[in-house]
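Taking it in order: structure first as structure tokens, then the write-up.
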Amino acid sequence: SLEQGPEGPETPIQVVLRVRPMSAAELRRGQQSVLHCSGTRTLQVSPPGGGPEVAFRFGAVLDAARTQEDVFRACGVRRLGELALRGFSCTVFTFGQTGSGKTYTLTGPPPQGEGVPVPPSLAGIMQRTFAWLLDRVQHLGAPVTLRASYLEIYNEQVRDLLSLGSPRPLPVRWNKTRGFYVEQLRVVEFGSLEALMELLQTGLSRRRSSAHTLNQASSRSHALLTLYISRQTAQQMPSVDPGEPPVGGKLCFVDLAGSEKVAATGSRGELMLEANSINRSLLALGHCISLLLDPQRKQSHIPFRDSKLTKLLADSLGGRGVTLMVACVSPSAQCLPETLSTLRYASRAQ
Ligand code: ADP
Ligand code: MG
């Protein structure tokens with residue numbers, strides 16, 4: 001578990017690996033599992049046909065038997081929440097090929113039908129963090145203002161998932177006090193867990209409906225839900241623009257686009273990426289991470305401006321933040337090439 005880990009905010013990126021269970025379709029096709037956990041931090045890959053085994057080490061390795069609650073605990077998200085309450089910018093993102101369990105890990109399975117609730121035991125990291133945070137804030141005994149925004153980046157265009165009118169692409173800007181921000185993004189103040197859950201559902205259903213019309217857009221888009229935590233009341237805030245989020249801690253959850261088509265290559269610790277069909281944001285993210293991790297380049301310029309995603313994650317990845325990456329993989333032999341690419345990307349990010 002990373003919960004009591006020695007790593008403080010000085011460790012910029014922590015990586016957890018989650019192996020999802022075999023799907024019914026994979027089992028029907030008689031697929032073999034090629035992944036085995038060894039201890040709590042090592043994943044063994046046994047290529048079919050008896051090739052040499054390869055091992056990867058991560059902050060934590062969670063096998064297919066681990067529940068949503070296990071994953072929430074092992075990821076140490078509460079520690080990130082505490083840091084956000086102290087003013088840090090923290091990010092949790094899921095990385096992996098389409099179908100590897102990224103959305104399930106963050107938000108649980110989709111409802112099985114109209115009015116059929118998802119059992120609480122299947123709630124994802126996001127709902128669990130929300131419940132923890134609201135409870136924590138209630139017991140703090142100090143005024144805290146909570147706000148949320150939810151957006152999607154598709155083809156390098158930002159779309160507001162909480163917009164009241166018809167969504168149009170919003171520009172990303174930068175200024176000294178706020179850093180990078182999305183202009184005219186709806187940032188909604190909320191005071192209860194129910195209100196926050198409703199914002200999540202609004203965004204999730206808009207993502208799902210766009211997946212139909214935009215031809216699998218959800219696997220090609222990044223979704224960012226950000227919580228803004230300010231230990232001031234609205235009256236105390238000098239903010240001029242009521243739509244402007246207060247300066248304070250942030251907790252951001254990112255459901256990344258599917259990583260297929262983004263092949264990790266390179267050697268000697270360099271995270272070099274090439275893409276058949278370029279997903280600029282994923283490439284830029286990998287590039288920024290590799291520069292951040294290279295001790296010789298620590299002081300040098302990090303190209304956060306290369307994509308919308310890296311601009312919006314700049315404060316978590318750079319200076320005042322902590323980032324947790326949950327790499328998601330399928331155990332099946334058929335997915336092995338993509339799984340290896342995810343494992344390499346993830347192990348180079350730590
Ligand atoms: P992604 O977001 O990476 O494309 P999903 O989260 O949509 O993948 O997962 C693909 C399918 O597998 C979904 O039907 C999801 O409900 C299921 N699934 C993923 N992870 C798990 C898990 N740990 N346990 C049970 N079902 C899972
Ligand atoms: Mg998904």
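Chain lettering (A, B, ...) mirrors the order of the structure tokens, residue numbering begins at 1 for each chain separately, and ligand numbering begins at 1 in order of display.
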Leaving out A:Ile125 and any residue of its chain fewer than 3 positions from it, which residues lie within 12 Å of it when counting only C-alpha atoms, given as a PyMOL selection string?
-> chain A and resi 67-78+81+92-94+102-109+120-122+128-133+252-255+324+326
Take the selection from the previous step and output its residues with C-alpha atoms, as a PDB file, in the first residue's frame.
```pdb
ATOM      1  CA  THR A  67     -11.925  -5.110  -5.307  1.00  0.00           C
ATOM      2  CA  GLN A  68     -12.658  -1.449  -5.969  1.00  0.00           C
ATOM      3  CA  GLU A  69     -12.193  -0.811  -2.229  1.00  0.00           C
ATOM      4  CA  ASP A  70      -8.783  -2.590  -2.305  1.00  0.00           C
ATOM      5  CA  VAL A  71      -7.735  -0.415  -5.232  1.00  0.00           C
ATOM      6  CA  PHE A  72      -8.831   2.788  -3.507  1.00  0.00           C
ATOM      7  CA  ARG A  73      -6.818   1.868  -0.404  1.00  0.00           C
ATOM      8  CA  ALA A  74      -3.731   0.686  -2.245  1.00  0.00           C
ATOM      9  CA  CYS A  75      -3.593   3.855  -4.314  1.00  0.00           C
ATOM     10  CA  GLY A  76      -3.283   6.030  -1.218  1.00  0.00           C
ATOM     11  CA  VAL A  77      -5.725   8.541  -2.648  1.00  0.00           C
ATOM     12  CA  ARG A  78      -6.531   9.808   0.839  1.00  0.00           C
ATOM     13  CA  GLY A  81      -6.593  14.390  -0.655  1.00  0.00           C
ATOM     14  CA  VAL A  92      -4.889  10.724 -10.356  1.00  0.00           C
ATOM     15  CA  PHE A  93      -4.866   9.463 -13.913  1.00  0.00           C
ATOM     16  CA  THR A  94      -5.606   6.120 -15.511  1.00  0.00           C
ATOM     17  CA  LYS A 102      -9.563   2.852 -16.893  1.00  0.00           C
ATOM     18  CA  THR A 103     -13.126   4.130 -16.612  1.00  0.00           C
ATOM     19  CA  TYR A 104     -14.143   1.225 -14.350  1.00  0.00           C
ATOM     20  CA  THR A 105     -11.257   2.013 -11.999  1.00  0.00           C
ATOM     21  CA  LEU A 106     -12.118   5.705 -11.745  1.00  0.00           C
ATOM     22  CA  THR A 107     -15.908   5.668 -11.827  1.00  0.00           C
ATOM     23  CA  GLY A 108     -17.092   2.047 -11.659  1.00  0.00           C
ATOM     24  CA  PRO A 109     -19.214   0.243 -14.255  1.00  0.00           C
ATOM     25  CA  PRO A 120     -21.902   1.021  -3.843  1.00  0.00           C
ATOM     26  CA  SER A 121     -19.318  -1.764  -3.628  1.00  0.00           C
ATOM     27  CA  LEU A 122     -18.506  -1.143  -7.314  1.00  0.00           C
ATOM     28  CA  ARG A 128     -14.799   6.980  -2.899  1.00  0.00           C
ATOM     29  CA  THR A 129     -12.562  10.044  -2.811  1.00  0.00           C
ATOM     30  CA  PHE A 130     -15.594  12.337  -2.984  1.00  0.00           C
ATOM     31  CA  ALA A 131     -17.185  10.623   0.018  1.00  0.00           C
ATOM     32  CA  TRP A 132     -13.912  10.747   1.953  1.00  0.00           C
ATOM     33  CA  LEU A 133     -13.326  14.417   1.129  1.00  0.00           C
ATOM     34  CA  CYS A 252      -7.887  16.237 -10.494  1.00  0.00           C
ATOM     35  CA  PHE A 253      -9.088  12.898 -11.877  1.00  0.00           C
ATOM     36  CA  VAL A 254      -8.165  12.115 -15.455  1.00  0.00           C
ATOM     37  CA  ASP A 255      -9.610   9.285 -17.523  1.00  0.00           C
ATOM     38  CA  LEU A 324      -0.627   9.096  -9.214  1.00  0.00           C
ATOM     39  CA  VAL A 326      -2.951   3.888 -12.349  1.00  0.00           C
TER      40      VAL A 326
END
```
Q) Can you list, as an NGL selection string, every protein, DNA or RNA residue that comes within 8 Å of A:Gly96 when you count only C-alpha atoms, leaving out same-chain residues fewer than 2 positions away? A) :A and (94 or 98 or 100-102 or 256 or 258-260 or 327-329 or 339 or 342)
Taking C-alpha atoms for each residue, export the selection above as an mmCIF file, in the first residue's frame.
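Below is the file that was written, selection-v2.cif:
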```cif
data_model
loop_
_atom_site.group_PDB
_atom_site.id
_atom_site.type_symbol
_atom_site.label_atom_id
_atom_site.label_comp_id
_atom_site.auth_asym_id
_atom_site.auth_seq_id
_atom_site.Cartn_x
_atom_site.Cartn_y
_atom_site.Cartn_z
ATOM 1 C CA THR A 94 -5.606 6.120 -15.511
ATOM 2 C CA THR A 98 -9.215 0.837 -24.573
ATOM 3 C CA SER A 100 -8.305 -2.225 -19.948
ATOM 4 C CA GLY A 101 -10.463 -0.852 -17.119
ATOM 5 C CA LYS A 102 -9.563 2.852 -16.893
ATOM 6 C CA LEU A 256 -7.093 9.275 -20.381
ATOM 7 C CA GLY A 258 -6.900 4.739 -24.942
ATOM 8 C CA SER A 259 -3.148 4.343 -25.279
ATOM 9 C CA GLU A 260 -3.291 1.982 -28.280
ATOM 10 C CA ALA A 327 -1.836 1.800 -15.295
ATOM 11 C CA CYS A 328 -4.573 -0.606 -16.396
ATOM 12 C CA VAL A 329 -4.018 -3.842 -18.323
ATOM 13 C CA THR A 339 0.002 -4.589 -22.387
ATOM 14 C CA THR A 342 1.550 0.083 -21.228
#
```
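Proximity ranking of A:Tyr154, A:Phe88, A:Phe56, A:Phe95 relative to ligand 1 places A:Phe95 first, based on only C-alpha atoms and all ligand atoms.
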Of A:Gln296, A:Gln112, A:Gln44, A:Gln127, the one nearest to A:Ala195 when counting only C-alpha atoms is A:Gln127
List as a short mmCIF file (atom, residue, chain, number, x, y, z; two decimals) with C-alpha atoms, in the first residue's frame the protein and nucleic acid residues near A:Val137, meaning an atom at most 10 Å away when only C-alpha atoms are counted, but skip any in the same chain fewer than 4 places from it.
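Resulting contents of selection38.cif:
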```cif
data_model
loop_
_atom_site.label_atom_id
_atom_site.label_comp_id
_atom_site.auth_asym_id
_atom_site.auth_seq_id
_atom_site.Cartn_x
_atom_site.Cartn_y
_atom_site.Cartn_z
CA LEU A 85 -6.41 20.23 1.52
CA TRP A 132 -13.91 10.75 1.95
CA LEU A 133 -13.33 14.42 1.13
CA GLY A 141 -14.11 22.67 11.69
CA ALA A 142 -12.76 25.36 9.35
CA PRO A 143 -14.56 26.94 6.42
CA VAL A 144 -13.74 25.24 3.14
CA THR A 145 -15.14 26.17 -0.25
CA LEU A 146 -15.44 23.30 -2.70
CA ILE A 229 -10.41 23.20 -2.50
CA ARG A 231 -9.89 27.07 2.91
#
```
From a DSSP calculation on the backbone, collect every residue of stretch 23-235 of chain A in helix (DSSP H, G or I) and output the set as an MDAnalysis selection string. chainID A and resid 24:28 68:74 77:85 102:107 120:122 125:140 193:213 217:220 234:235
Pairwise distance, atom CA of A:Arg29 with atom CA of A:Gly51, equals 21.9 Å
